[in-house]
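This is work.cif (mmCIF, C-alpha atoms and all ligand atoms).
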```cif
data_work
loop_
_atom_site.group_PDB
_atom_site.id
_atom_site.type_symbol
_atom_site.label_atom_id
_atom_site.label_comp_id
_atom_site.auth_asym_id
_atom_site.auth_seq_id
_atom_site.Cartn_x
_atom_site.Cartn_y
_atom_site.Cartn_z
ATOM 1 C CA MET P 1 7.421 -4.004 20.999
ATOM 2 C CA LYS P 2 5.093 -4.434 18.012
ATOM 3 C CA ARG P 3 5.116 -1.639 15.445
ATOM 4 C CA LYS P 4 1.585 -0.218 15.054
ATOM 5 C CA ILE P 5 0.349 0.367 11.503
ATOM 6 C CA ILE P 6 -2.770 1.390 9.610
ATOM 7 C CA LEU P 7 -3.097 -0.028 6.084
ATOM 8 C CA ASP P 8 -4.986 1.825 3.359
ATOM 9 C CA VAL P 9 -5.772 -0.650 0.579
ATOM 10 C CA ASP P 10 -7.475 -1.001 -2.801
ATOM 11 C CA THR P 11 -7.749 -4.778 -2.524
ATOM 12 C CA GLY P 12 -6.728 -6.527 -5.422
ATOM 13 C CA GLY P 13 -4.583 -9.577 -5.001
ATOM 14 C CA ASP P 14 -1.327 -8.004 -3.852
ATOM 15 C CA ASP P 15 -3.125 -5.843 -1.267
ATOM 16 C CA ALA P 16 -4.694 -9.048 0.058
ATOM 17 C CA VAL P 17 -1.304 -10.721 0.494
ATOM 18 C CA ALA P 18 0.036 -7.548 2.131
ATOM 19 C CA THR P 19 -2.935 -7.471 4.521
ATOM 20 C CA LEU P 20 -2.417 -11.107 5.591
ATOM 21 C CA LEU P 21 1.279 -10.411 6.177
ATOM 22 C CA ALA P 22 0.559 -7.215 8.141
ATOM 23 C CA GLY P 23 -2.101 -8.925 10.244
ATOM 24 C CA HIS P 24 -0.060 -11.971 11.185
ATOM 25 C CA HIS P 25 3.609 -11.033 11.331
ATOM 26 C CA PRO P 26 4.673 -10.844 15.005
ATOM 27 C CA ALA P 27 6.551 -7.569 14.449
ATOM 28 C CA LEU P 28 3.376 -5.625 13.593
ATOM 29 C CA GLU P 29 0.075 -4.637 15.188
ATOM 30 C CA LEU P 30 -2.478 -4.003 12.423
ATOM 31 C CA VAL P 31 -4.634 -1.343 14.100
ATOM 32 C CA ALA P 32 -7.125 -0.841 11.269
ATOM 33 C CA VAL P 33 -7.601 -1.079 7.518
ATOM 34 C CA ALA P 34 -8.886 1.841 5.444
ATOM 35 C CA VAL P 35 -10.219 1.060 1.982
ATOM 36 C CA THR P 36 -10.168 3.167 -1.175
ATOM 37 C CA HIS P 37 -11.118 3.082 -4.845
ATOM 38 C CA GLY P 38 -8.230 2.069 -7.118
ATOM 39 C CA ASN P 39 -7.732 -1.394 -8.570
ATOM 40 C CA ALA P 40 -11.505 -1.614 -8.635
ATOM 41 C CA PRO P 41 -14.520 0.427 -7.553
ATOM 42 C CA LEU P 42 -14.832 0.810 -3.756
ATOM 43 C CA THR P 43 -17.669 -1.733 -3.602
ATOM 44 C CA ILE P 44 -15.266 -4.417 -4.874
ATOM 45 C CA THR P 45 -12.147 -3.302 -2.984
ATOM 46 C CA LEU P 46 -14.203 -3.211 0.230
ATOM 47 C CA ASP P 47 -15.761 -6.636 -0.390
ATOM 48 C CA ASN P 48 -12.341 -8.135 -1.185
ATOM 49 C CA THR P 49 -10.820 -6.579 1.940
ATOM 50 C CA LEU P 50 -13.550 -8.043 4.157
ATOM 51 C CA ARG P 51 -13.174 -11.434 2.438
ATOM 52 C CA VAL P 52 -9.438 -11.670 3.022
ATOM 53 C CA LEU P 53 -9.601 -10.482 6.639
ATOM 54 C CA GLU P 54 -12.364 -12.953 7.507
ATOM 55 C CA ALA P 55 -10.824 -15.907 5.628
ATOM 56 C CA GLY P 56 -7.393 -15.030 7.026
ATOM 57 C CA GLY P 57 -8.445 -15.096 10.676
ATOM 58 C CA LEU P 58 -8.276 -11.305 11.042
ATOM 59 C CA SER P 59 -11.933 -10.490 11.733
ATOM 60 C CA ARG P 60 -10.824 -8.488 14.765
ATOM 61 C CA VAL P 61 -9.322 -5.746 12.554
ATOM 62 C CA PRO P 62 -11.764 -2.844 11.937
ATOM 63 C CA VAL P 63 -12.342 -1.857 8.291
ATOM 64 C CA TYR P 64 -13.173 1.743 7.307
ATOM 65 C CA PRO P 65 -14.617 2.372 3.848
ATOM 66 C CA GLY P 66 -13.199 5.514 2.287
ATOM 67 C CA ALA P 67 -13.118 7.406 -0.982
ATOM 68 C CA ASP P 68 -15.028 5.935 -3.896
ATOM 69 C CA ARG P 69 -13.329 8.208 -6.436
ATOM 70 C CA PRO P 70 -10.254 10.415 -6.858
ATOM 71 C CA LEU P 71 -10.183 14.031 -5.612
ATOM 72 C CA VAL P 72 -10.557 15.564 -9.064
ATOM 73 C CA ALA P 73 -10.279 13.218 -12.064
ATOM 74 C CA ASP P 74 -12.522 10.304 -13.029
ATOM 75 C CA PRO P 75 -11.520 6.882 -11.681
ATOM 76 C CA LEU P 76 -9.068 4.855 -13.787
ATOM 77 C CA PRO P 77 -10.431 1.448 -14.887
ATOM 78 C CA GLY P 78 -7.690 -0.632 -13.219
ATOM 79 C CA ASP P 79 -6.591 -4.019 -14.505
ATOM 80 C CA ALA P 80 -9.292 -6.647 -15.139
ATOM 81 C CA VAL P 81 -7.548 -9.181 -12.887
ATOM 82 C CA GLN P 82 -7.266 -6.686 -10.043
ATOM 83 C CA ARG P 83 -10.969 -5.806 -10.449
ATOM 84 C CA ALA P 84 -11.961 -9.420 -9.830
ATOM 85 C CA ILE P 85 -13.682 -10.634 -6.690
ATOM 86 C CA LEU P 86 -11.063 -12.693 -4.832
ATOM 87 C CA PRO P 87 -11.576 -16.485 -4.821
ATOM 88 C CA LEU P 88 -12.631 -16.482 -1.137
ATOM 89 C CA PRO P 89 -15.995 -16.952 0.599
ATOM 90 C CA ALA P 90 -18.382 -13.982 0.597
ATOM 91 C CA PRO P 91 -17.810 -11.981 3.795
ATOM 92 C CA THR P 92 -20.155 -11.908 6.779
ATOM 93 C CA LEU P 93 -18.009 -9.182 8.328
ATOM 94 C CA ALA P 94 -19.452 -5.657 8.346
ATOM 95 C CA PRO P 95 -17.304 -2.569 7.820
ATOM 96 C CA GLN P 96 -17.312 0.376 10.232
ATOM 97 C CA THR P 97 -19.842 3.094 9.459
ATOM 98 C CA GLN P 98 -17.350 5.980 9.813
ATOM 99 C CA HIS P 99 -15.648 7.209 6.609
ATOM 100 C CA ALA P 100 -11.955 6.329 6.511
ATOM 101 C CA ALA P 101 -10.891 9.975 6.229
ATOM 102 C CA LEU P 102 -12.830 10.878 9.379
ATOM 103 C CA PHE P 103 -11.395 7.840 11.152
ATOM 104 C CA LEU P 104 -7.854 8.933 10.203
ATOM 105 C CA VAL P 105 -8.520 12.407 11.649
ATOM 106 C CA ASP P 106 -9.895 10.999 14.917
ATOM 107 C CA TYR P 107 -7.167 8.360 15.244
ATOM 108 C CA TYR P 108 -4.173 10.556 14.470
ATOM 109 C CA MET P 109 -5.441 13.344 16.736
ATOM 110 C CA SER P 110 -5.690 10.774 19.566
ATOM 111 C CA LEU P 111 -2.883 9.702 21.897
ATOM 112 C CA ASP P 112 -2.196 6.617 19.743
ATOM 113 C CA GLY P 113 -1.659 8.574 16.534
ATOM 114 C CA PRO P 114 2.023 9.544 16.798
ATOM 115 C CA SER P 115 3.085 5.925 17.370
ATOM 116 C CA THR P 116 1.258 4.474 14.347
ATOM 117 C CA ILE P 117 2.754 4.338 10.851
ATOM 118 C CA TYR P 118 0.375 4.893 7.952
ATOM 119 C CA ALA P 119 0.812 2.507 5.017
ATOM 120 C CA PRO P 120 -1.168 3.251 1.840
ATOM 121 C CA THR P 121 -0.930 0.598 -0.871
ATOM 122 C CA GLY P 122 -3.451 2.189 -3.206
ATOM 123 C CA PRO P 123 -4.391 5.714 -4.302
ATOM 124 C CA GLN P 124 -3.821 8.212 -1.472
ATOM 125 C CA THR P 125 -7.239 9.863 -1.589
ATOM 126 C CA ASN P 126 -8.256 9.042 2.001
ATOM 127 C CA LEU P 127 -5.202 10.669 3.577
ATOM 128 C CA ALA P 128 -5.448 13.684 1.269
ATOM 129 C CA LEU P 129 -9.049 14.199 2.404
ATOM 130 C CA ALA P 130 -8.035 13.766 6.053
ATOM 131 C CA LEU P 131 -5.207 16.306 5.691
ATOM 132 C CA ARG P 132 -7.614 18.842 4.183
ATOM 133 C CA LEU P 133 -10.100 18.225 6.998
ATOM 134 C CA GLU P 134 -7.446 18.450 9.736
ATOM 135 C CA PRO P 135 -4.068 19.942 8.651
ATOM 136 C CA ARG P 136 -2.615 19.208 12.113
ATOM 137 C CA LEU P 137 -2.414 15.543 11.036
ATOM 138 C CA ALA P 138 0.814 16.416 9.190
ATOM 139 C CA ALA P 139 2.535 16.814 12.553
ATOM 140 C CA ARG P 140 0.896 13.722 14.079
ATOM 141 C CA ILE P 141 1.614 10.973 11.516
ATOM 142 C CA PRO P 142 5.145 9.732 12.303
ATOM 143 C CA ARG P 143 5.857 8.245 8.877
ATOM 144 C CA ILE P 144 4.142 7.070 5.714
ATOM 145 C CA VAL P 145 5.434 3.857 4.172
ATOM 146 C CA THR P 146 3.768 3.541 0.807
ATOM 147 C CA MET P 147 3.788 1.311 -2.216
ATOM 148 C CA ALA P 148 3.714 4.117 -4.768
ATOM 149 C CA GLY P 149 5.577 5.665 -7.629
ATOM 150 C CA ALA P 150 8.665 5.030 -9.697
ATOM 151 C CA TYR P 151 11.713 7.174 -10.443
ATOM 152 C CA LEU P 152 12.418 5.358 -13.700
ATOM 153 C CA GLU P 153 9.580 3.723 -15.685
ATOM 154 C CA GLY P 154 5.908 3.568 -14.764
ATOM 155 C CA ASN P 155 3.559 0.594 -15.096
ATOM 156 C CA CYS P 156 0.268 2.291 -15.847
ATOM 157 C CA THR P 157 1.875 4.635 -18.376
ATOM 158 C CA PRO P 158 5.565 4.865 -19.311
ATOM 159 C CA SER P 159 5.730 7.760 -16.838
ATOM 160 C CA ALA P 160 3.450 6.798 -13.977
ATOM 161 C CA GLU P 161 2.860 4.037 -11.465
ATOM 162 C CA PHE P 162 -0.812 3.097 -10.952
ATOM 163 C CA ASN P 163 -1.383 4.190 -7.313
ATOM 164 C CA VAL P 164 -0.114 7.680 -8.046
ATOM 165 C CA VAL P 165 -1.727 8.231 -11.446
ATOM 166 C CA ALA P 166 -5.028 6.886 -10.039
ATOM 167 C CA ASP P 167 -5.176 10.098 -7.978
ATOM 168 C CA PRO P 168 -2.259 12.462 -8.698
ATOM 169 C CA GLU P 169 -3.875 15.386 -6.863
ATOM 170 C CA ALA P 170 -4.089 13.276 -3.710
ATOM 171 C CA ALA P 171 -0.474 12.198 -4.061
ATOM 172 C CA ARG P 172 0.558 15.858 -4.497
ATOM 173 C CA VAL P 173 -1.201 16.732 -1.192
ATOM 174 C CA VAL P 174 0.431 13.819 0.642
ATOM 175 C CA PHE P 175 3.966 14.211 -0.782
ATOM 176 C CA ASN P 176 3.909 17.948 0.055
ATOM 177 C CA ALA P 177 2.493 17.576 3.590
ATOM 178 C CA GLY P 178 5.903 17.447 5.279
ATOM 179 C CA ILE P 179 5.305 13.945 6.703
ATOM 180 C CA PRO P 180 8.344 11.602 6.518
ATOM 181 C CA ILE P 181 7.740 9.231 3.596
ATOM 182 C CA THR P 182 9.323 5.945 2.592
ATOM 183 C CA MET P 183 8.433 5.297 -1.053
ATOM 184 C CA VAL P 184 8.456 1.622 -2.038
ATOM 185 C CA GLY P 185 8.214 2.043 -5.781
ATOM 186 C CA LEU P 186 8.476 -0.125 -8.854
ATOM 187 C CA GLU P 187 12.274 -0.208 -8.822
ATOM 188 C CA VAL P 188 11.983 -2.080 -5.513
ATOM 189 C CA THR P 189 8.951 -4.273 -6.212
ATOM 190 C CA GLY P 190 10.485 -5.411 -9.491
ATOM 191 C CA GLN P 191 13.499 -6.782 -7.573
ATOM 192 C CA ALA P 192 11.324 -8.866 -5.227
ATOM 193 C CA ARG P 193 9.355 -11.078 -7.583
ATOM 194 C CA ILE P 194 7.949 -14.269 -6.056
ATOM 195 C CA THR P 195 8.931 -17.460 -7.915
ATOM 196 C CA PRO P 196 6.878 -20.680 -8.150
ATOM 197 C CA HIS P 197 9.447 -22.211 -5.749
ATOM 198 C CA ASP P 198 8.683 -19.430 -3.235
ATOM 199 C CA VAL P 199 4.953 -20.123 -3.596
ATOM 200 C CA ALA P 200 5.583 -23.830 -3.000
ATOM 201 C CA ARG P 201 7.525 -22.961 0.188
ATOM 202 C CA MET P 202 4.602 -20.749 1.217
ATOM 203 C CA ARG P 203 2.141 -23.626 0.754
ATOM 204 C CA ALA P 204 4.429 -25.907 2.731
ATOM 205 C CA CYS P 205 3.918 -23.599 5.754
ATOM 206 C CA ASN P 206 0.480 -25.240 5.821
ATOM 207 C CA THR P 207 -1.337 -22.421 7.616
ATOM 208 C CA PRO P 208 -4.647 -20.887 6.428
ATOM 209 C CA SER P 209 -2.973 -17.533 5.685
ATOM 210 C CA ALA P 210 -0.114 -19.090 3.748
ATOM 211 C CA ARG P 211 -2.547 -21.174 1.703
ATOM 212 C CA ILE P 212 -4.746 -18.169 0.927
ATOM 213 C CA ALA P 213 -1.727 -16.049 -0.018
ATOM 214 C CA ALA P 214 -0.367 -18.801 -2.270
ATOM 215 C CA ASP P 215 -3.768 -19.213 -3.945
ATOM 216 C CA ILE P 216 -4.038 -15.455 -4.543
ATOM 217 C CA ILE P 217 -0.497 -15.211 -5.926
ATOM 218 C CA ASP P 218 -1.253 -18.098 -8.274
ATOM 219 C CA PHE P 219 -4.555 -16.413 -9.203
ATOM 220 C CA ILE P 220 -2.951 -13.112 -10.211
ATOM 221 C CA ASN P 221 0.038 -14.778 -11.852
ATOM 222 C CA THR P 222 -2.062 -17.242 -13.865
ATOM 223 C CA ALA P 223 -4.150 -14.355 -15.125
ATOM 224 C CA GLY P 224 -0.921 -12.714 -16.273
ATOM 225 C CA TRP P 225 -1.222 -9.690 -14.041
ATOM 226 C CA SER P 226 1.896 -9.622 -11.938
ATOM 227 C CA ALA P 227 4.600 -12.112 -13.055
ATOM 228 C CA GLY P 228 5.423 -12.637 -9.397
ATOM 229 C CA GLU P 229 5.482 -8.943 -8.477
ATOM 230 C CA ILE P 230 3.589 -8.712 -5.178
ATOM 231 C CA TYR P 231 3.919 -4.944 -4.986
ATOM 232 C CA ASP P 232 2.141 -4.105 -1.727
ATOM 233 C CA ALA P 233 3.734 -6.892 0.318
ATOM 234 C CA CYS P 234 7.110 -5.182 -0.264
ATOM 235 C CA ALA P 235 5.893 -2.106 1.611
ATOM 236 C CA VAL P 236 4.662 -4.232 4.525
ATOM 237 C CA ALA P 237 7.953 -6.156 4.619
ATOM 238 C CA ALA P 238 9.776 -2.819 4.810
ATOM 239 C CA LEU P 239 7.595 -1.982 7.831
ATOM 240 C CA ILE P 240 8.448 -5.312 9.461
ATOM 241 C CA GLU P 241 12.202 -5.048 8.876
ATOM 242 C CA PRO P 242 13.224 -1.589 7.581
ATOM 243 C CA PRO P 243 16.853 -2.612 6.869
ATOM 244 C CA ILE P 244 15.755 -4.860 3.986
ATOM 245 C CA LEU P 245 15.129 -1.666 2.028
ATOM 246 C CA THR P 246 17.929 0.476 0.624
ATOM 247 C CA THR P 247 16.752 4.075 0.281
ATOM 248 C CA LYS P 248 18.069 7.391 -0.990
ATOM 249 C CA ALA P 249 16.717 10.748 0.176
ATOM 250 C CA MET P 250 15.373 12.595 -2.852
ATOM 251 C CA ARG P 251 13.120 15.507 -3.700
ATOM 252 C CA VAL P 252 10.008 13.971 -5.274
ATOM 253 C CA ASP P 253 7.219 16.003 -6.850
ATOM 254 C CA ILE P 254 4.007 14.821 -8.500
ATOM 255 C CA GLU P 255 3.302 15.860 -12.093
ATOM 256 C CA LEU P 256 -0.339 16.862 -12.604
ATOM 257 C CA ARG P 257 -0.475 18.351 -16.086
ATOM 258 C CA GLY P 258 1.657 16.573 -18.649
ATOM 259 C CA GLU P 259 -0.263 14.827 -21.417
ATOM 260 C CA LEU P 260 2.282 11.989 -21.281
ATOM 261 C CA THR P 261 3.565 12.460 -17.754
ATOM 262 C CA ARG P 262 0.557 13.070 -15.507
ATOM 263 C CA GLY P 263 0.937 11.081 -12.274
ATOM 264 C CA ARG P 264 4.726 10.776 -12.509
ATOM 265 C CA THR P 265 6.731 10.845 -9.273
ATOM 266 C CA VAL P 266 9.396 13.221 -10.565
ATOM 267 C CA ALA P 267 12.489 12.413 -8.494
ATOM 268 C CA ASP P 268 15.646 14.521 -8.321
ATOM 269 C CA ILE P 269 17.799 11.381 -8.263
ATOM 270 C CA SER P 270 21.190 13.110 -8.324
ATOM 271 C CA GLY P 271 20.196 15.982 -5.986
ATOM 272 C CA ARG P 272 21.209 18.459 -8.705
ATOM 273 C CA GLN P 273 18.193 20.691 -8.013
ATOM 274 C CA LYS P 274 19.499 21.332 -4.471
ATOM 275 C CA LYS P 275 15.895 21.207 -3.161
ATOM 276 C CA GLU P 276 15.268 19.776 0.302
ATOM 277 C CA PRO P 277 14.543 16.015 -0.029
ATOM 278 C CA ASN P 278 11.025 15.036 1.066
ATOM 279 C CA VAL P 279 11.071 11.268 0.414
ATOM 280 C CA ASP P 280 13.245 8.279 1.312
ATOM 281 C CA VAL P 281 13.024 6.534 -2.050
ATOM 282 C CA GLY P 282 13.501 2.771 -2.163
ATOM 283 C CA VAL P 283 16.286 1.868 -4.594
ATOM 284 C CA GLY P 284 16.874 -1.749 -3.563
ATOM 285 C CA ILE P 285 15.513 -4.610 -1.444
ATOM 286 C CA ASN P 286 17.036 -7.719 0.106
ATOM 287 C CA ARG P 287 14.935 -10.246 -1.803
ATOM 288 C CA GLY P 288 16.029 -13.219 0.256
ATOM 289 C CA ARG P 289 14.933 -11.586 3.483
ATOM 290 C CA PHE P 290 11.695 -10.433 1.843
ATOM 291 C CA ILE P 291 10.784 -14.042 1.080
ATOM 292 C CA GLU P 292 11.784 -15.173 4.583
ATOM 293 C CA ILE P 293 9.672 -12.383 6.146
ATOM 294 C CA MET P 294 6.692 -13.506 4.064
ATOM 295 C CA LEU P 295 7.163 -17.109 5.249
ATOM 296 C CA GLU P 296 7.635 -15.984 8.886
ATOM 297 C CA GLY P 297 4.471 -13.919 8.824
ATOM 298 C CA LEU P 298 2.188 -16.151 6.780
ATOM 299 C CA GLY P 299 3.510 -19.311 8.376
ATOM 300 C CA SER P 300 2.916 -18.090 11.900
ATOM 301 C CA VAL P 301 -0.825 -18.844 12.002
HETATM 302 O O1 LIG H 1 1.310 -0.318 -9.308
HETATM 303 C C1 LIG H 1 1.012 -1.357 -8.401
HETATM 304 C C2 LIG H 1 0.000 -0.904 -7.404
HETATM 305 O O2 LIG H 1 -1.237 -0.600 -8.055
HETATM 306 C C3 LIG H 1 -0.347 -1.990 -6.370
HETATM 307 O O3 LIG H 1 -0.635 -1.379 -5.145
HETATM 308 C C4 LIG H 1 -1.590 -2.625 -6.941
HETATM 309 O O4 LIG H 1 -2.406 -3.221 -5.922
HETATM 310 C C5 LIG H 1 -2.272 -1.426 -7.525
HETATM 311 O O5 LIG H 1 -2.934 -0.750 -6.442
HETATM 312 CA CA CA H 2 -2.780 -1.826 -4.083
#
```

For this file, write the structure as structure tokens.
Amino acid sequence: MKRKIILDVDTGGDDAVATLLAGHHPALELVAVAVTHGNAPLTITLDNTLRVLEAGGLSRVPVYPGADRPLVADPLPGDAVQRAILPLPAPTLAPQTQHAALFLVDYYMSLDGPSTIYAPTGPQTNLALALRLEPRLAARIPRIVTMAGAYLEGNCTPSAEFNVVADPEAARVVFNAGIPITMVGLEVTGQARITPHDVARMRACNTPSARIAADIIDFINTAGWSAGEIYDACAVAALIEPPILTTKAMRVDIELRGELTRGRTVADISGRQKKEPNVDVGVGINRGRFIEIMLEGLGSV
């Protein structure tokens, strides 16, 4: 039985690889893709998402444009490489006309909602808006599996990981909604870096998706953005095969105010605070299986 998922992306390169993996791996059914501001303005993240779906043979997947800015703060600039238009043909695909937040409300209030995992790999603005529009969603979404956060060091600031600090107020709404969360943070993604040998194996699959993914990984690596860290694909791999992820239940809260700490996922790692855990925090990943899952999914078509 395929596991149904909805991706929520801010396509940049790693979101693109994650989308190809989610759309083609036999373990998953990619129901829809929501798009948000984040790595780049919504106009670019939407264009990139349409490009990768069309080039990757996934034109059947509906795309819902969402938030073009955070709930409260101004948008963060994002990294220049991640703001780039992906090296793929301009899309002929058209997005849906419904806003992603309204789509999430309709979908998760429908019969299909409770069997579909929600997987944000960018700022969590769309789900925060949907939860404010329809609070009953908190009891309808079975689990969130998200590339977000870090319980040690950030990557956007020493304290904060980009997806969370790009909209901390949204992350606060989502992390406090009572929905089961699996957090695939930087401590996990840093353990799963893709090597040039892995990229060569990907190319050797000789499928359109594997070639596109390899080109994108080379594109973001060459530009010095990721050093092999394909962040968002780790979250999708954890959806495909949950046992590759080692997790620890922790209480995680989102810092909103600190001059140096805004956007931090503040995790009670030891459990000393005796507060009820709200997040299954990724602390390790089986890198070998991660690579094999990527090759299985991207090499399948
Ligand atoms: O911190 C890494 C995350 O920020 C990834 O999801 C990347 O695509 C950017 O959104
Ligand atoms: Ca992303």

Expected selection from the PyMOL selection byres (((chain P and resi 68) around 9) and not hetatm), given as a list in words: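 Listing what the PyMOL selection byres (((chain P and resi 68) around 9) and not hetatm) selects in the shown file: Thr36, His37, Gly38, Pro41, Leu42, Thr43, Pro65, Gly66, Ala67, Arg69, Pro70 and Pro75 of chain P.
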
Can you list every residue of chain P that has an atom at most 10 Å from ligand CA 2 (chain H), with its nearest atom pair and the distance in Å to one decimal, using all atoms listed in the file, ordered by chain then number, as JSON lines?
```
{"residue": "P:Asp8", "atom": "CA", "partner": "H:CA2", "partner_atom": "CA", "distance": 8.6}
{"residue": "P:Val9", "atom": "CA", "partner": "H:CA2", "partner_atom": "CA", "distance": 5.7}
{"residue": "P:Asp10", "atom": "CA", "partner": "H:CA2", "partner_atom": "CA", "distance": 4.9}
{"residue": "P:Thr11", "atom": "CA", "partner": "H:CA2", "partner_atom": "CA", "distance": 6.0}
{"residue": "P:Gly12", "atom": "CA", "partner": "H:CA2", "partner_atom": "CA", "distance": 6.3}
{"residue": "P:Gly13", "atom": "CA", "partner": "H:CA2", "partner_atom": "CA", "distance": 8.0}
{"residue": "P:Asp14", "atom": "CA", "partner": "H:CA2", "partner_atom": "CA", "distance": 6.4}
{"residue": "P:Asp15", "atom": "CA", "partner": "H:CA2", "partner_atom": "CA", "distance": 4.9}
{"residue": "P:Ala16", "atom": "CA", "partner": "H:CA2", "partner_atom": "CA", "distance": 8.5}
{"residue": "P:Ala18", "atom": "CA", "partner": "H:CA2", "partner_atom": "CA", "distance": 8.9}
{"residue": "P:Thr36", "atom": "CA", "partner": "H:CA2", "partner_atom": "CA", "distance": 9.4}
{"residue": "P:His37", "atom": "CA", "partner": "H:CA2", "partner_atom": "CA", "distance": 9.7}
{"residue": "P:Gly38", "atom": "CA", "partner": "H:CA2", "partner_atom": "CA", "distance": 7.4}
{"residue": "P:Asn39", "atom": "CA", "partner": "H:CA2", "partner_atom": "CA", "distance": 6.7}
{"residue": "P:Ala40", "atom": "CA", "partner": "H:CA2", "partner_atom": "CA", "distance": 9.8}
{"residue": "P:Thr45", "atom": "CA", "partner": "H:CA2", "partner_atom": "CA", "distance": 9.5}
{"residue": "P:Gln82", "atom": "CA", "partner": "H:CA2", "partner_atom": "CA", "distance": 8.9}
{"residue": "P:Pro120", "atom": "CA", "partner": "H:CA2", "partner_atom": "CA", "distance": 8.0}
{"residue": "P:Thr121", "atom": "CA", "partner": "H:CA2", "partner_atom": "CA", "distance": 4.4}
{"residue": "P:Gly122", "atom": "CA", "partner": "H:CA2", "partner_atom": "CA", "distance": 4.2}
{"residue": "P:Pro123", "atom": "CA", "partner": "H:CA2", "partner_atom": "CA", "distance": 7.7}
{"residue": "P:Thr146", "atom": "CA", "partner": "H:CA2", "partner_atom": "CA", "distance": 9.8}
{"residue": "P:Met147", "atom": "CA", "partner": "H:CA2", "partner_atom": "CA", "distance": 7.5}
{"residue": "P:Ala148", "atom": "CA", "partner": "H:CA2", "partner_atom": "CA", "distance": 8.8}
{"residue": "P:Phe162", "atom": "CA", "partner": "H:CA2", "partner_atom": "CA", "distance": 8.7}
{"residue": "P:Asn163", "atom": "CA", "partner": "H:CA2", "partner_atom": "CA", "distance": 7.0}
{"residue": "P:Ile230", "atom": "CA", "partner": "H:CA2", "partner_atom": "CA", "distance": 9.4}
{"residue": "P:Tyr231", "atom": "CA", "partner": "H:CA2", "partner_atom": "CA", "distance": 7.4}
{"residue": "P:Asp232", "atom": "CA", "partner": "H:CA2", "partner_atom": "CA", "distance": 5.9}
{"residue": "P:Ala233", "atom": "CA", "partner": "H:CA2", "partner_atom": "CA", "distance": 9.4}
```

Matched chain/residue IDs from the PyMOL selection byres (((chain P and resi 169) around 12) and not hetatm), as a ChimeraX atom specification: /P:69-74,123-129,163-168,170-176,253-257,262-265

Of the listed residues P:Pro87, P:Gly271, P:Gly149, P:Pro77, that which approaches ligand LIG 1 (chain H) most closely, counting all atoms listed in the file: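 Residue with the minimum atom-to-atom distance to ligand LIG 1 (chain H): P:Gly149.
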
The PyMOL selection byres (((chain P and resi 285) around 12) and not hetatm) applied to the shown file, residues as a ChimeraX atom specification: /P:184-193,234-235,237-238,241-247,281-284,286-291

Residues of the last selection are to be written out with C-alpha atoms, as a PDB file, in the frame of the given file.
```
ATOM      1  CA  VAL P 184       8.456   1.622  -2.038  1.00  0.00           C
ATOM      2  CA  GLY P 185       8.214   2.043  -5.781  1.00  0.00           C
ATOM      3  CA  LEU P 186       8.476  -0.125  -8.854  1.00  0.00           C
ATOM      4  CA  GLU P 187      12.274  -0.208  -8.822  1.00  0.00           C
ATOM      5  CA  VAL P 188      11.983  -2.080  -5.513  1.00  0.00           C
ATOM      6  CA  THR P 189       8.951  -4.273  -6.212  1.00  0.00           C
ATOM      7  CA  GLY P 190      10.485  -5.411  -9.491  1.00  0.00           C
ATOM      8  CA  GLN P 191      13.499  -6.782  -7.573  1.00  0.00           C
ATOM      9  CA  ALA P 192      11.324  -8.866  -5.227  1.00  0.00           C
ATOM     10  CA  ARG P 193       9.355 -11.078  -7.583  1.00  0.00           C
ATOM     11  CA  CYS P 234       7.110  -5.182  -0.264  1.00  0.00           C
ATOM     12  CA  ALA P 235       5.893  -2.106   1.611  1.00  0.00           C
ATOM     13  CA  ALA P 237       7.953  -6.156   4.619  1.00  0.00           C
ATOM     14  CA  ALA P 238       9.776  -2.819   4.810  1.00  0.00           C
ATOM     15  CA  GLU P 241      12.202  -5.048   8.876  1.00  0.00           C
ATOM     16  CA  PRO P 242      13.224  -1.589   7.581  1.00  0.00           C
ATOM     17  CA  PRO P 243      16.853  -2.612   6.869  1.00  0.00           C
ATOM     18  CA  ILE P 244      15.755  -4.860   3.986  1.00  0.00           C
ATOM     19  CA  LEU P 245      15.129  -1.666   2.028  1.00  0.00           C
ATOM     20  CA  THR P 246      17.929   0.476   0.624  1.00  0.00           C
ATOM     21  CA  THR P 247      16.752   4.075   0.281  1.00  0.00           C
ATOM     22  CA  VAL P 281      13.024   6.534  -2.050  1.00  0.00           C
ATOM     23  CA  GLY P 282      13.501   2.771  -2.163  1.00  0.00           C
ATOM     24  CA  VAL P 283      16.286   1.868  -4.594  1.00  0.00           C
ATOM     25  CA  GLY P 284      16.874  -1.749  -3.563  1.00  0.00           C
ATOM     26  CA  ASN P 286      17.036  -7.719   0.106  1.00  0.00           C
ATOM     27  CA  ARG P 287      14.935 -10.246  -1.803  1.00  0.00           C
ATOM     28  CA  GLY P 288      16.029 -13.219   0.256  1.00  0.00           C
ATOM     29  CA  ARG P 289      14.933 -11.586   3.483  1.00  0.00           C
ATOM     30  CA  PHE P 290      11.695 -10.433   1.843  1.00  0.00           C
ATOM     31  CA  ILE P 291      10.784 -14.042   1.080  1.00  0.00           C
TER      32      ILE P 291
END
```

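The environment of Ile212 (chain P) within 10 Å, counting only C-alpha atoms and disregarding residues fewer than 4 places along the same chain, consists of P:Ala16, P:Val17, P:Leu20, P:Val52, P:Ala55, P:Gly56, P:Pro87, P:Leu88, P:Met202, P:Arg203, P:Thr207, P:Pro208, P:Ile216, P:Ile217, P:Asp218, P:Leu298.
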
Report, as AutoDock Vina command-line options, the centre and edge lengths in Å (one decimal) of the axis-aligned box enclosing every listed atom of region 260-276 of chain P, padded by 8 Å on each side.
```
--center_x 10.9 --center_y 16.1 --center_z -10.5 --size_x 36.7 --size_y 26.6 --size_z 37.6
```
